[in-house]
Amino acid sequence: MSRDYALIPKLVRHVETPYRRIVTDFPVPESLPILQKLRAYEPIAMRGQPPVVWDRAEGFQVYDAWGNQWIDWSSGVLIANAGHGRREIVEAIAGQAAGRLLTNYCFPSEIRSRLVEKLAMLLPEPLKKVFLLTTGSETVECAIKLCRSHGLKAGGREKHIIVSFDKAFHGRTLGSQQAGGIAALKEWIVNLDPGFVQVPFPDGFRTADSSFDAFERALCQHDVDPQNVAGVISETYQGGSAAFAPAAYMQALRQWCTKHQALLVCDEVQAGFGRTGKLWGFEHYGIVPDLALFGKGMSSSLPISAVAGRSDVMDLQPAGSMTSTHTGNPVCCAAALASIELIVQENLAENAHRLGATLHERLHALQSAFPEIGDVAGKGLVAGVACVTPGKKDPDGDLAWDIVQRCIEKGVLMFSPVGFGGATVKISPPLVIHSAALLEGLSVLEEAFAETLSQRAAVA
Ligand SMILES: Cc1ncc(COP(=O)(O)O)c(C=O)c1O
């Protein structure tokens, strides 16, 4: 949300456990020159995250240069699935760089061939062709292009509508932002493409009706003829809340897309690579989309993303018409191959599933204790804790903000609140986190709620 952190160091209680170490004021006084330089030379829009200056990160911990150490509940922003700074990934990057192939554009390379093959082998039928890109937003742009190309071929110019969901986030480029479902983020576009339509996301909390009928009703209200839909794009779970749709809804949507020759696109940029307790998030629904989009956790490190899809769809564009300067950059490919190897070999999806059970059980217990928690969503090692006014669903962004700040001051690192009203505290540790560290983090979160709310009660 559009809030800013004050750069005024404040005294915080020191903490020393095997996992956490807080030994300075916060923000760290010695870090202020760095923070001020960033404020001087970067746009205001870059200021959204807590003023922790990362020095190094290893496994599930983040360190600054002044002796502080956090249990990381951010994974950057759900990037470091295989853990931060893993030796195997560092060595793969260093080895590739030492071999002096740092870039090769779309010219063939052996390492790119290995990565696309690896992804195709891990993905189910029919997701057997893979196009590598750099960011998640680019994969969404590519999906829009493929949906519209497919629509043009299947139904002519009328078949161009892209349906997506309210409150969705798909990135910040022109197309991906229009596929998004957050009106405030789209104001700058001014003349929105009417070919992008959003329908309610069936989260069962902010949208009570999670039946598939609601999807068809919403299209009707938007005056959309199903025959004119080129594609339906959905995050596998909504990033802003961590909410999943009911499996029955997604299965009905799968059938609906097939019936109407619309492509179903799962944006797995957050959900992929084990995060949700399965290798691919869409497995929770018992469906396979026509296109799946990956990013973030794919390399646990360097920027790389991928569109995987049905061969006939991926081959719609002629040779030379889906390129990108850094597609399949060899150093990024090396990082991705090493990260995927770790995720598969160490069965990190299973770890996310096992520890996720503890995480969600404790969060639901916390919800029972505090009426200020309206909803707990997510699966595996991703959770969203929605802060609300007790007895209502009104988002309480101030509470979420205070909880995140307090957790950081106690040595548990999270990114700023996300989602509706900026009121969701999002939990997404690296998938290599140990049970003891997860439990310690949960105790910190519980303390943060208890202390923040008793302080509120005292001043009321
Ligand atoms: C579901 C989803 N799709 C797409 C994106 C955009 O990815 P990127 O920031 O790499 O462009 C994000 C980023 O948060 C995301 O969560």
# chains A, B, ... in the order shown; residues from 1 in each chain; ligands from 1
call {"tool": "residues_near_ligand", "arguments": {"ligand": "ligand 1", "cutoff": "9 Å", "atoms": "only C-alpha atoms and all ligand atoms", "output": "MDAnalysis selection string"}}
result
chainID A and resid 77:78 134:140 168:173 176 234:240 266:271 293:296 303:305
call {"tool": "select_by_dssp", "arguments": {"residues": "region 215-434 of chain A", "states": "helix (DSSP H, G or I)", "output": "PyMOL selection string"}}
result
chain A and resi 215-221+226-228+247-259+281-285+296-298+311-314+330-345+348-369+397-409+420-422
call {"tool": "atom_distance", "arguments": {"atom1": "CA of Lys278 (chain A)", "atom2": "CA of Asn347 (chain A)"}}
result
9.6 Å
call {"tool": "residues_around", "arguments": {"residues": "Ala383 (chain A)", "least_positions_apart": "6", "cutoff": "6 Å", "atoms": "only C-alpha atoms", "output": "short mmCIF file (atom, residue, chain, number, x, y, z; two decimals) with C-alpha atoms, in the first residue's frame"}}
result
data_model
loop_
_atom_site.label_atom_id
_atom_site.label_comp_id
_atom_site.auth_asym_id
_atom_site.auth_seq_id
_atom_site.Cartn_x
_atom_site.Cartn_y
_atom_site.Cartn_z
CA ALA A 242 -3.49 -16.32 -0.50
CA ALA A 377 -6.09 -18.42 3.68
CA LYS A 426 1.46 -12.57 4.16
CA ILE A 427 3.62 -15.44 5.34
#
call {"tool": "residues_around", "arguments": {"residues": "Pro51 (chain A)", "least_positions_apart": "2", "cutoff": "12 Å", "atoms": "only C-alpha atoms", "output": "VMD selection string"}}
result
chain A and resid 4 to 9 25 to 36 38 to 39 46 to 49 53 to 54 64 405 408 to 409 413 to 416
call {"tool": "closest_residue", "arguments": {"among": "A:Arg354, A:Lys159, A:Arg114, A:Arg406", "to": "Gly231 (chain A)", "atoms": "only C-alpha atoms"}}
result
A:Lys159
call {"tool": "residues_around", "arguments": {"residues": "Ala247 (chain A)", "least_positions_apart": "4", "cutoff": "9 Å", "atoms": "only C-alpha atoms", "output": "VMD selection string"}}
result
chain A and resid 251 to 252 284 to 287
call {"tool": "residues_around", "arguments": {"residues": "Gly328 (chain A)", "least_positions_apart": "4", "cutoff": "7 Å", "atoms": "only C-alpha atoms", "output": "list of chain:residue names"}}
result
A:Arg112, A:Leu132, A:Leu133, A:Cys332, A:Cys333
call {"tool": "residues_around", "arguments": {"residues": "Thr17 (chain A)", "least_positions_apart": "6", "cutoff": "10 Å", "atoms": "only C-alpha atoms", "output": "list in words"}}
result
Gln69, Gly411 and Glu440 of chain A
call {"tool": "write_last_selection", "arguments": {"atoms": "all heavy atoms", "output": "PDB file, in the first residue's frame"}}
result
ATOM      1  N   GLN A  69      19.838 -10.481  12.543  1.00  0.00           N
ATOM      2  CA  GLN A  69      19.561 -11.716  11.781  1.00  0.00           C
ATOM      3  C   GLN A  69      18.078 -12.037  11.939  1.00  0.00           C
ATOM      4  O   GLN A  69      17.559 -12.031  13.059  1.00  0.00           O
ATOM      5  CB  GLN A  69      20.467 -12.779  12.390  1.00  0.00           C
ATOM      6  CG  GLN A  69      20.102 -14.189  12.222  1.00  0.00           C
ATOM      7  CD  GLN A  69      21.072 -15.078  13.043  1.00  0.00           C
ATOM      8  OE1 GLN A  69      22.222 -14.713  13.308  1.00  0.00           O
ATOM      9  NE2 GLN A  69      20.599 -16.213  13.479  1.00  0.00           N
ATOM     10  N   GLY A 411      12.623  -9.788  14.876  1.00  0.00           N
ATOM     11  CA  GLY A 411      13.500 -10.721  14.167  1.00  0.00           C
ATOM     12  C   GLY A 411      12.800 -11.678  13.221  1.00  0.00           C
ATOM     13  O   GLY A 411      13.376 -12.688  12.838  1.00  0.00           O
ATOM     14  N   GLU A 440       9.001 -20.896  16.070  1.00  0.00           N
ATOM     15  CA  GLU A 440       9.477 -19.681  16.747  1.00  0.00           C
ATOM     16  C   GLU A 440       8.866 -18.438  16.079  1.00  0.00           C
ATOM     17  O   GLU A 440       8.414 -17.512  16.757  1.00  0.00           O
ATOM     18  CB  GLU A 440      11.009 -19.637  16.689  1.00  0.00           C
ATOM     19  CG  GLU A 440      11.587 -18.490  17.499  1.00  0.00           C
ATOM     20  CD  GLU A 440      13.105 -18.592  17.666  1.00  0.00           C
ATOM     21  OE1 GLU A 440      13.604 -19.672  18.045  1.00  0.00           O
ATOM     22  OE2 GLU A 440      13.777 -17.572  17.418  1.00  0.00           O
TER      23      GLU A 440
END
call {"tool": "atom_distance", "arguments": {"atom1": "CA of Trp280 (chain A)", "atom2": "CA of Gln261 (chain A)"}}
result
23.6 Å
call {"tool": "decode", "arguments": {"residues": "region 99-136 of chain A", "atoms": "C-alpha atoms", "output": "CSV table (one decimal), in the first residue's frame"}}
result
chain,number,residue,atom,x,y,z
A,99,GLY,CA,32.7,-20.7,-18.7
A,100,ARG,CA,32.3,-17.3,-20.2
A,101,LEU,CA,28.9,-17.6,-21.7
A,102,LEU,CA,27.0,-14.8,-20.1
A,103,THR,CA,24.5,-14.1,-22.8
A,104,ASN,CA,23.5,-15.5,-26.2
A,105,TYR,CA,20.1,-13.9,-27.0
A,106,CYS,CA,17.9,-16.4,-28.9
A,107,PHE,CA,20.9,-18.2,-30.4
A,108,PRO,CA,20.8,-21.8,-29.3
A,109,SER,CA,22.6,-22.9,-26.2
A,110,GLU,CA,22.9,-26.3,-24.5
A,111,ILE,CA,21.9,-25.0,-21.1
A,112,ARG,CA,18.7,-23.5,-22.4
A,113,SER,CA,17.8,-26.8,-24.1
A,114,ARG,CA,18.3,-28.5,-20.8
A,115,LEU,CA,16.1,-26.1,-18.9
A,116,VAL,CA,13.1,-26.2,-21.3
A,117,GLU,CA,13.4,-30.0,-21.4
A,118,LYS,CA,13.5,-30.2,-17.6
A,119,LEU,CA,10.4,-28.1,-17.3
A,120,ALA,CA,8.5,-30.0,-20.0
A,121,MET,CA,9.4,-33.3,-18.3
A,122,LEU,CA,8.2,-32.1,-14.9
A,123,LEU,CA,4.9,-30.6,-16.2
A,124,PRO,CA,1.9,-32.8,-17.0
A,125,GLU,CA,0.5,-33.2,-20.5
A,126,PRO,CA,-0.3,-31.1,-22.5
A,127,LEU,CA,2.2,-28.5,-21.1
A,128,LYS,CA,5.1,-29.6,-23.2
A,129,LYS,CA,6.5,-26.5,-24.9
A,130,VAL,CA,8.2,-23.8,-22.9
A,131,PHE,CA,9.2,-20.2,-23.7
A,132,LEU,CA,11.6,-18.6,-21.3
A,133,LEU,CA,11.4,-14.9,-20.3
A,134,THR,CA,12.7,-12.8,-17.5
A,135,THR,CA,9.8,-11.5,-15.4
A,136,GLY,CA,6.4,-12.7,-14.3
